[in-house]
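A.B. asks: I am attaching a structure below and will ask some questions about it afterwards.
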2 protein chains.
Amino acid sequence: MNNVINIGLLGHGTVGASVTRHLRLNAAPLQERLGVRLHLCRVAVRRANQRRPASTSFTTDWREVTRDPDIPIVVELIGGCDTARAATLDALRLGKTVITANKALLAEHGAELFRVANHHRANICFEASVCGGVPIIKILREGLVANRFDLIYGIVNGTCNYIFTRMTEDGAEFADALREAQRLGYAEMDPSLDIRGVDAAHKATILASLAHGSWTGLENTYVEGIRHITQFDIQIARELGYRIKQLAIVKRSGKGDTIEARVHPTLIPQHHVLASVNGAFNAVVVRGDVVGDTMFYGRGAGGDATASAVIADLADAALALKSGRNVRPPLFTSRSRARILPMDDVESRYYLRLTVADRAGVIARVAKILGDADISIASVLQPEAPEPKRGEKPSEHVPLIMMLHTARDRAVRDAVARIDRLSVVCARTEVIRVESFD
Amino acid sequence: MNNVINIGLLGHGTVGASVTRHLRLNAAPLQERLGVRLHLCRVAVRRANQRRPASTSFTTDWREVTRDPDIPIVVELIGGCDTARAATLDALRLGKTVITANKALLAEHGAELFRVANHHRANICFEASVCGGVPIIKILREGLVANRFDLIYGIVNGTCNYIFTRMTEDGAEFADALREAQRLGYAEMDPSLDIRGVDAAHKATILASLAHGSWTGLENTYVEGIRHITQFDIQIARELGYRIKQLAIVKRSGKGDTIEARVHPTLIPQHHVLASVNGAFNAVVVRGDVVGDTMFYGRGAGGDATASAVIADLADAALALKSGRNVRPPLFTSRSRARILPMDDVESRYYLRLTVADRAGVIARVAKILGDADISIASVLQPEAPEPKRGEKPSEHVPLIMMLHTARDRAVRDAVARIDRLSVVCARTEVIRVESFD
């Protein structure tokens with residue numbers, strides 16, 4: 001029976017149901033390609049009595065899956081960090097392979113999970129955790145194995161990208177675009193993990209750890225949400241030749257001895273390849289020292305795209321079982337001495353949106369603070385103020401846009417804090433980073 | 001010594017030298033990631049006395065590499081189909097793994113090579129044969145293994161793409177753009193394999209065989225070159241909202257029971273993701289039945305990009321040796337009953353550029369032929385004639401552009417042959433296919 005590999009599934013929501021369906025629909029090509037049959041033999045669900053495919057054996061006790069001695073591969077699709085963590089650890093301690101799409105679990109407990117996996121010679125596969133159906137984990141670990149990764153950056157959260165696309169293409173306001181994303185099922189009913197950048201930070205942490213060779217940890221990924229980006233910013237960015245995207249950025253700097261990992265809204269040039277990645281799609285650019293720039297694009301979420309990645313992991317895990325040996329060294333055990341660069345020391349260019357009193361001498365006072373901090377101004381724009389909303393009277397304050405040359409993040413934030421204390425500055429200055437990735 | 005894998009190299013040109021260099025430069029991360037050391041121990045070259053890295057043992061007899069019992073992996077970078085075929089067969093018959101970047105060899109002799117490999121339980125790895133550093137073979141075979149491939153299409157020849165990019169962006173004429181490509185090293189001094197579409201057809205044949213599961217053969221790939229595309233076509237396409245790209249297209253149609261493989265210049269919508277893939281870059285869109293549309297982009301040629309793919313194959317081959325078993329079933333042995341669709345039966349939309357006498361009634365006569373063949377016209381454009389070249393007098397003939405709705409290829413070609421016999425038609429009608437890949 002070497003040619004049948006038994007699989008257990010934890011969770012049978014959208015992704016679980018899609019995995020079940022596609023394992024059945026594409027059983028023939030899968031068996032032909034792998035030389036083994038993937039047999040889904042047990043599924044743990046939270047509640048009984050849901051409608052089920054008749055052929056599979058359901059249980060409401062996840063231990064009946066993780067502890068079944070005939071099940072060497074467990075697919076964790078529970079979500080969250082409680083039961084998912086317990087079940088994953090349980091399976092790993094029995095030396096099983098766990099396949100997970102759970103980026104939150106990995107980002108928050110990755111160090112523990114990979115330590116336990118290595119100790120018990122178990123495996124964790126997590127293709128589905130980043131960029132849905134785009135096999136970015138395999139691409140980094142295998143397809144581009146020849147490379148050191150100088151730079152990995154991209155759009156890894158479909159909800160934020162959908163919102164920015166609607167704001168850019170249709171002039172929608174943030175709140176309307178978010179409602180639309182929820183209506184279409186791109187955003188959760190509680191979209192805060194997306195909007196606050198946390199979901200993208202989970203993924204950035206995984207990418208950073210792969211690039212780094214050892215586990216960097218969520219606490220070392222800087223994160224900013226997108227809620228402060230206004231329709232006005234989108235328009236000004238466009239006038240200046242940019243688009244705004246929520247990006248995850250992982251960068252080796254200082255001759256490769258530091259790693260930065262950050263998630264924040266970013267102005268990128270309108271002709272940049274990521275500028276035309278729209279809607280709920282994801283795309284990641286990988287710059288390798290051998291291959292140069294490559295880009296990988298596809299649906300970042302949804303049951304089917306995620307199922308495609310889960311089944312790819314199932315295929316690899318089944319072949320590894322067939323070979324009977326763990327041939328790859330354990331992950332995240334590199335002794336790389338690269339240190340994590342604190343956000344304070346990260347360098348970027350900047351877009352500042354100030355709200356100032358409409359009077360002479362304002363620019364000079366702001367410019368003096370920047371000059372004193374050795375931050376040089378690339379350009380200044382005094383655009384028309386946005387139209388007042390219906391019923392509001394025109395503001396006596398006017399917007400002032402400053403584009404800054406490359407500067408240290410801490411220096412810019414300190415300068416902005418001083419700017420915001422000027423009497424002529426009437427609201428908190430918004431700071432958006434600008435990258436061209438040349 | 002299980003932890004050192006010996007490698008032999010055949011050929012030490014641009015790609016070979018790049019493989020040697022990057023194996024050395026990235027030896028540390030490679031060993032860390034793989035748990036084995038890749039040791040390049042013997043290199044066969046055509047002529048002695050070239051400057052060599054001192055540590056490697058060179059020979060001018062390729063058999064000293066293929067027959068060395070201590071060398072289980074042979075990298076074939078000779079090029080061409082004579083020595084390369086002999087050396088590849090020699091190594092395969094000894095059960096070795098052969099890694100090749102040679103798409104011509106595969107496309108012309110793939111059936112034989114894979115048969116011999118399967119017979120001797122040997123392996124052929126060919127990541128570098130399509131799209132340079134983009135790991136498209138691994139993506140199709142492993143990352144997207146869950147999918148049936150309904151459609152694979154893309155830009156797989158950097159020379160043609162460079163020429164079309166220069167023609168589109170700078171208004172260059174074909175001949176000037178080609179000279180520029182040669183000057184920059186993108187095109188060979190004899191660029192005919194690129195320009196005639198043969199190189200792209202080699203790659204399309206490999207992609208079609210992967211999608212199909214068994215070897216389709218170069219003779220089943222339809223191929224058209226790009227030499228008939230003029231600056232005038234580029235401009236008209238742009239006016240109509242299109243870009244012209246040389247594409248390789250592999251498509252399952254008729255409920256998946258037929259496969260088409262074709263290479264030809266194609267009008268694609270200007271907002272299509274491939275329309276902005278410019279210069280010598282390659283990009284492939286893969287539409288899977290599970291994952292939906294994905295796209296993979298990067299440098300399609302050059303020593304370093306190709307070396308990245310060769311080293312990825314080396315890594316996989318080394319790990320497979322370490323595991324001691326061939327866990328994957330042999331390639332291209334599917335009993336798929338899908339048949340190859342003859343080009344006659346392929347359906348597409350069309351752009352026709354006619355050269356006609358400047359008189360009344362011409363459109364009616366052309367339209368009648370198309371109508372009689374049941375081919376419907378989407379639009380007709382009578383643009384300004386192109387400026388006469390210096391010293392030439394203005395032509396008495398005028399261009400006439402017709403965009404056709406979807407039709408069978410044979411029907412269109414037959415109709416065009418009849419159109420070209422009309423007395424009012426003054427030159428051969430050029431036919432370019434139009435695809436939007438909806």
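Letters A, B, ... go to the chains of the structure tokens in the order shown; residues in each chain start at 1; ligands are counted from 1 in the same order.
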Could I get the residues of chain A with an atom no further than 7 Å from an atom of chain B, each paired with its nearest atom pair and that distance in Å to one decimal, using only C-alpha atoms, sorted by chain and residue number, as CSV?
C.D. replies:
residue,atom,partner,partner_atom,distance
A:Leu30,CA,B:Ala146,CA,6.7
A:Glu32,CA,B:Ser334,CA,7.0
A:Arg33,CA,B:Pro329,CA,6.6
A:Leu34,CA,B:Arg328,CA,5.9
A:Gly35,CA,B:Pro329,CA,5.6
A:Gly133,CA,B:Val291,CA,5.6
A:Val134,CA,B:Thr294,CA,6.9
A:Pro135,CA,B:Gly143,CA,5.2
A:Lys138,CA,B:Gly143,CA,6.7
A:Glu142,CA,B:Ala312,CA,6.3
A:Gly143,CA,B:Pro135,CA,5.2
A:Leu144,CA,B:Ala312,CA,6.3
A:Val145,CA,B:Ala312,CA,5.7
A:Ala146,CA,B:Ser308,CA,5.5
A:Val290,CA,B:Asp304,CA,5.5
A:Val291,CA,B:Ala305,CA,4.3
A:Asp293,CA,B:Gly298,CA,6.0
A:Thr294,CA,B:Gly298,CA,4.2
A:Met295,CA,B:Tyr297,CA,4.9
A:Phe296,CA,B:Phe296,CA,4.7
A:Tyr297,CA,B:Met295,CA,4.8
A:Gly298,CA,B:Thr294,CA,4.2
A:Asp304,CA,B:Val290,CA,5.5
A:Ala305,CA,B:Val291,CA,4.3
A:Ser308,CA,B:Ala146,CA,5.5
A:Ile311,CA,B:Ala146,CA,5.7
A:Ala312,CA,B:Gly143,CA,5.5
A:Leu319,CA,B:Val327,CA,6.1
A:Lys322,CA,B:Val327,CA,6.7
A:Ser323,CA,B:Val327,CA,5.9
A:Arg325,CA,B:Ser323,CA,6.2
A:Val327,CA,B:Ser323,CA,5.9
A:Arg328,CA,B:Leu34,CA,5.9
A:Pro329,CA,B:Gly35,CA,5.6
A:Ser334,CA,B:Glu32,CA,6.9
A.B. asks: Could the residues in this selection be written to a file with C-alpha atoms, as a compact mmCIF listing (two decimals), in the first residue's frame?
C.D. replies:
# COMPACT_ATOMS: atom_id res chain seq x y z
CA LEU A 30 -2.33 13.85 -9.64
CA GLU A 32 -0.21 10.07 -12.85
CA ARG A 33 2.18 12.89 -11.92
CA LEU A 34 3.08 11.60 -8.47
CA GLY A 35 2.89 7.86 -8.83
CA GLY A 133 -1.81 29.96 -5.25
CA VAL A 134 1.49 31.51 -6.29
CA PRO A 135 4.12 28.97 -5.22
CA LYS A 138 8.89 26.78 -3.40
CA GLU A 142 14.04 25.59 -4.64
CA GLY A 143 13.58 27.41 -7.94
CA LEU A 144 15.88 30.26 -6.90
CA VAL A 145 18.03 28.25 -4.48
CA ALA A 146 21.16 29.50 -6.26
CA VAL A 290 22.31 35.48 -9.64
CA VAL A 291 18.97 35.70 -11.46
CA ASP A 293 14.69 40.62 -10.90
CA THR A 294 11.86 38.12 -11.17
CA MET A 295 8.15 38.60 -10.47
CA PHE A 296 5.42 36.16 -9.51
CA TYR A 297 1.74 37.02 -9.75
CA GLY A 298 -1.61 35.41 -9.03
CA ASP A 304 -9.35 27.49 -4.81
CA ALA A 305 -6.06 29.43 -5.05
CA SER A 308 -3.80 24.76 -5.20
CA ILE A 311 -2.26 20.29 -2.75
CA ALA A 312 1.24 21.21 -3.99
CA LEU A 319 6.83 12.04 -2.46
CA LYS A 322 7.70 7.63 -0.49
CA SER A 323 11.43 8.26 -0.54
CA ARG A 325 14.00 10.15 4.05
CA VAL A 327 16.59 14.94 2.43
CA ARG A 328 16.36 18.67 3.04
CA PRO A 329 18.08 20.13 6.07
CA SER A 334 21.06 29.06 9.58
A.B. asks: Give me, as a short mmCIF file (atom, residue, chain, number, x, y, z; two decimals) with N, CA and C atoms, in the first residue's frame, all polymer residues having an atom no more than 12 Å from Met189 of chain B, counting only C-alpha atoms and skipping those fewer than 4 positions away in the same chain.
C.D. replies:
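Here's the written file part.cif:
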data_model
loop_
_atom_site.label_atom_id
_atom_site.label_comp_id
_atom_site.auth_asym_id
_atom_site.auth_seq_id
_atom_site.Cartn_x
_atom_site.Cartn_y
_atom_site.Cartn_z
N THR B 159 14.82 38.16 -27.70
CA THR B 159 15.23 38.93 -28.88
C THR B 159 14.02 39.54 -29.57
N LEU B 178 16.67 45.17 -34.75
CA LEU B 178 17.43 43.92 -34.75
C LEU B 178 18.93 44.19 -34.58
N ARG B 179 19.43 45.19 -35.31
CA ARG B 179 20.87 45.54 -35.17
C ARG B 179 21.19 45.92 -33.73
N GLU B 180 20.28 46.69 -33.13
CA GLU B 180 20.47 47.11 -31.74
C GLU B 180 20.51 45.89 -30.80
N ALA B 181 19.60 44.95 -31.05
CA ALA B 181 19.56 43.73 -30.22
C ALA B 181 20.87 42.96 -30.35
N GLN B 182 21.41 42.93 -31.56
CA GLN B 182 22.68 42.23 -31.77
C GLN B 182 23.82 42.96 -31.06
N ARG B 183 23.79 44.31 -31.17
CA ARG B 183 24.83 45.10 -30.54
C ARG B 183 24.85 44.86 -29.02
N LEU B 184 23.65 44.71 -28.43
CA LEU B 184 23.55 44.53 -26.98
C LEU B 184 23.75 43.08 -26.55
N GLY B 185 23.93 42.20 -27.54
CA GLY B 185 24.17 40.80 -27.19
C GLY B 185 22.90 40.00 -26.93
N LEU B 193 17.19 31.87 -35.77
CA LEU B 193 16.38 31.00 -34.90
C LEU B 193 15.39 31.81 -34.08
N ASP B 194 15.82 32.99 -33.65
CA ASP B 194 14.92 33.86 -32.90
C ASP B 194 13.84 34.46 -33.81
N ILE B 195 14.32 35.11 -34.88
CA ILE B 195 13.43 35.88 -35.75
C ILE B 195 12.40 35.00 -36.45
#
A.B. asks: Could you check the closest approach to Gly13 of chain B for each of B:Leu94, B:Asp414, B:Gly79, B:Thr59 and tell me which residue wins, using only C-alpha atoms?
C.D. replies: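 Among B:Leu94, B:Asp414, B:Gly79, B:Thr59, it is B:Gly79 that comes nearest to Gly13 of chain B.
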A.B. asks: Near Ile268 of chain A, counting only C-alpha atoms, which residues have an atom at most 6 Å away, once you skip same-chain residues fewer than 3 positions from it, shown as a PyMOL selection string?
C.D. replies: chain A and resi 242-243+435-436
A.B. asks: Per DSSP on the backbone, what are the helix (DSSP H, G or I) residues of segment 293-330 of chain B, as an mmCIF file with N, CA and C atoms, in the first residue's frame?
C.D. replies:
data_model
loop_
_atom_site.group_PDB
_atom_site.id
_atom_site.type_symbol
_atom_site.label_atom_id
_atom_site.label_comp_id
_atom_site.auth_asym_id
_atom_site.auth_seq_id
_atom_site.Cartn_x
_atom_site.Cartn_y
_atom_site.Cartn_z
ATOM 1 N N GLY B 303 23.906 34.597 -19.231
ATOM 2 C CA GLY B 303 24.639 33.593 -18.466
ATOM 3 C C GLY B 303 24.144 33.447 -17.049
ATOM 4 N N ASP B 304 23.928 34.556 -16.352
ATOM 5 C CA ASP B 304 23.595 34.468 -14.934
ATOM 6 C C ASP B 304 22.185 33.921 -14.707
ATOM 7 N N ALA B 305 21.203 34.441 -15.463
ATOM 8 C CA ALA B 305 19.835 33.950 -15.278
ATOM 9 C C ALA B 305 19.785 32.448 -15.577
ATOM 10 N N THR B 306 20.471 32.033 -16.647
ATOM 11 C CA THR B 306 20.467 30.616 -16.994
ATOM 12 C C THR B 306 21.193 29.800 -15.929
ATOM 13 N N ALA B 307 22.289 30.358 -15.392
ATOM 14 C CA ALA B 307 23.031 29.657 -14.338
ATOM 15 C C ALA B 307 22.151 29.445 -13.110
ATOM 16 N N SER B 308 21.311 30.423 -12.789
ATOM 17 C CA SER B 308 20.416 30.290 -11.637
ATOM 18 C C SER B 308 19.533 29.048 -11.796
ATOM 19 N N ALA B 309 19.025 28.847 -13.026
ATOM 20 C CA ALA B 309 18.169 27.685 -13.283
ATOM 21 C C ALA B 309 18.973 26.387 -13.265
ATOM 22 N N VAL B 310 20.168 26.415 -13.834
ATOM 23 C CA VAL B 310 21.012 25.208 -13.840
ATOM 24 C C VAL B 310 21.340 24.793 -12.406
ATOM 25 N N ILE B 311 21.675 25.762 -11.574
ATOM 26 C CA ILE B 311 22.036 25.434 -10.190
ATOM 27 C C ILE B 311 20.815 24.921 -9.421
ATOM 28 N N ALA B 312 19.621 25.445 -9.733
ATOM 29 C CA ALA B 312 18.407 24.914 -9.100
ATOM 30 C C ALA B 312 18.235 23.434 -9.447
ATOM 31 N N ASP B 313 18.473 23.099 -10.713
ATOM 32 C CA ASP B 313 18.410 21.680 -11.106
ATOM 33 C C ASP B 313 19.487 20.863 -10.393
ATOM 34 N N LEU B 314 20.681 21.432 -10.286
ATOM 35 C CA LEU B 314 21.766 20.739 -9.575
ATOM 36 C C LEU B 314 21.358 20.438 -8.135
ATOM 37 N N ALA B 315 20.719 21.413 -7.507
ATOM 38 C CA ALA B 315 20.303 21.233 -6.113
ATOM 39 C C ALA B 315 19.294 20.093 -6.003
ATOM 40 N N ASP B 316 18.284 20.105 -6.876
ATOM 41 C CA ASP B 316 17.281 19.033 -6.838
ATOM 42 C C ASP B 316 17.908 17.680 -7.131
ATOM 43 N N ALA B 317 18.798 17.656 -8.120
ATOM 44 C CA ALA B 317 19.424 16.383 -8.493
ATOM 45 C C ALA B 317 20.285 15.865 -7.347
ATOM 46 N N ALA B 318 20.977 16.767 -6.656
ATOM 47 C CA ALA B 318 21.830 16.353 -5.540
ATOM 48 C C ALA B 318 20.976 15.778 -4.402
ATOM 49 N N LEU B 319 19.855 16.443 -4.110
ATOM 50 C CA LEU B 319 18.985 15.937 -3.042
ATOM 51 C C LEU B 319 18.366 14.598 -3.430
ATOM 52 N N ALA B 320 18.026 14.445 -4.708
ATOM 53 C CA ALA B 320 17.450 13.171 -5.146
ATOM 54 C C ALA B 320 18.478 12.055 -4.991
ATOM 55 N N LEU B 321 19.741 12.347 -5.320
ATOM 56 C CA LEU B 321 20.805 11.351 -5.144
ATOM 57 C C LEU B 321 20.954 10.981 -3.678
ATOM 58 N N LYS B 322 20.880 12.012 -2.833
ATOM 59 C CA LYS B 322 21.051 11.784 -1.404
ATOM 60 C C LYS B 322 19.940 10.857 -0.883
ATOM 61 N N SER B 323 18.729 11.048 -1.414
ATOM 62 C CA SER B 323 17.628 10.207 -0.946
ATOM 63 C C SER B 323 17.769 8.800 -1.505
#
A.B. asks: Please identify all polymer residues within 8 Å of Phe232 of chain A, counting only C-alpha atoms, omitting same-chain residues fewer than 3 positions from it, and present them as a ChimeraX atom specification.
C.D. replies: /A:235-236,386
A.B. asks: Could you write those residues out with C-alpha atoms, as a PDB file, in the first residue's frame?
C.D. replies:
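Result file is selection-v1.pdb:
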ATOM      1  CA  GLN A 235      -4.618  61.897  -6.482  1.00  0.00           C
ATOM      2  CA  ILE A 236      -1.467  63.766  -5.538  1.00  0.00           C
ATOM      3  CA  PRO A 386      -9.622  69.001  -1.513  1.00  0.00           C
TER       4      PRO A 386
END
A.B. asks: Need to verify the contact set: Cys41 of chain B, 8 Å, only C-alpha atoms, exclusion of same-chain residues closer than 2 positions in sequence. Can you return it as a PyMOL selection string?
C.D. replies: chain B and resi 6-8+39+43+56-57
A.B. asks: Tell me which protein, DNA and RNA residues are within 8 Å of Arg428 of chain A, counting only C-alpha atoms, leaving out same-chain ones fewer than 5 positions away, and put them as a ChimeraX atom specification.
C.D. replies: /A:354-355,420
A.B. asks: Take the residues just selected and output them with N, CA and C atoms as a tab-separated table (two decimals), in the first residue's frame.
C.D. replies:
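Produced file result10.tsv, reproduced below:
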chain	number	residue	atom	x	y	z
A	354	LEU	N	1.34	67.84	4.68
A	354	LEU	CA	1.13	68.73	5.81
A	354	LEU	C	-0.21	69.47	5.64
A	355	THR	N	-0.77	69.85	6.74
A	355	THR	CA	-1.95	70.72	6.70
A	355	THR	C	-1.54	72.00	7.42
A	420	ASP	N	5.18	69.24	13.49
A	420	ASP	CA	3.79	69.23	13.96
A	420	ASP	C	3.59	70.12	15.19
A.B. asks: Please provide the set of residues having any atom within 8 Å of Gly225 of chain B, restricted to only C-alpha atoms, with same-chain residues fewer than 4 positions apart removed, written as number ranges by chain.
C.D. replies: B: 194-198, 264-265
A.B. asks: Could you write out that same residue set with N, CA and C atoms as a tab-separated table (two decimals), in the first residue's frame?
C.D. replies:
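Writing done, so here's selection_34.tsv:
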chain	number	residue	atom	x	y	z
B	194	ASP	N	15.82	32.99	-33.65
B	194	ASP	CA	14.92	33.86	-32.90
B	194	ASP	C	13.84	34.46	-33.81
B	195	ILE	N	14.32	35.11	-34.88
B	195	ILE	CA	13.43	35.88	-35.75
B	195	ILE	C	12.40	35.00	-36.45
B	196	ARG	N	12.80	33.77	-36.78
B	196	ARG	CA	11.87	32.86	-37.46
B	196	ARG	C	10.94	32.16	-36.48
B	197	GLY	N	11.14	32.43	-35.19
B	197	GLY	CA	10.23	31.86	-34.20
B	197	GLY	C	10.62	30.47	-33.74
B	198	VAL	N	11.75	29.96	-34.26
B	198	VAL	CA	12.11	28.56	-33.98
B	198	VAL	C	12.48	28.38	-32.51
B	264	HIS	N	3.47	32.72	-32.70
B	264	HIS	CA	3.26	33.71	-33.77
B	264	HIS	C	3.14	35.10	-33.17
B	265	PRO	N	3.35	36.13	-34.00
B	265	PRO	CA	3.08	37.49	-33.52
B	265	PRO	C	1.60	37.59	-33.18
A.B. asks: Taking only segment 105-257 of chain A into account, list the residues labelled strand (DSSP E or B) by DSSP (computed from the backbone), as an NGL selection string.
C.D. replies: :A and (123-125 or 149-155 or 214 or 222-223 or 242-253)
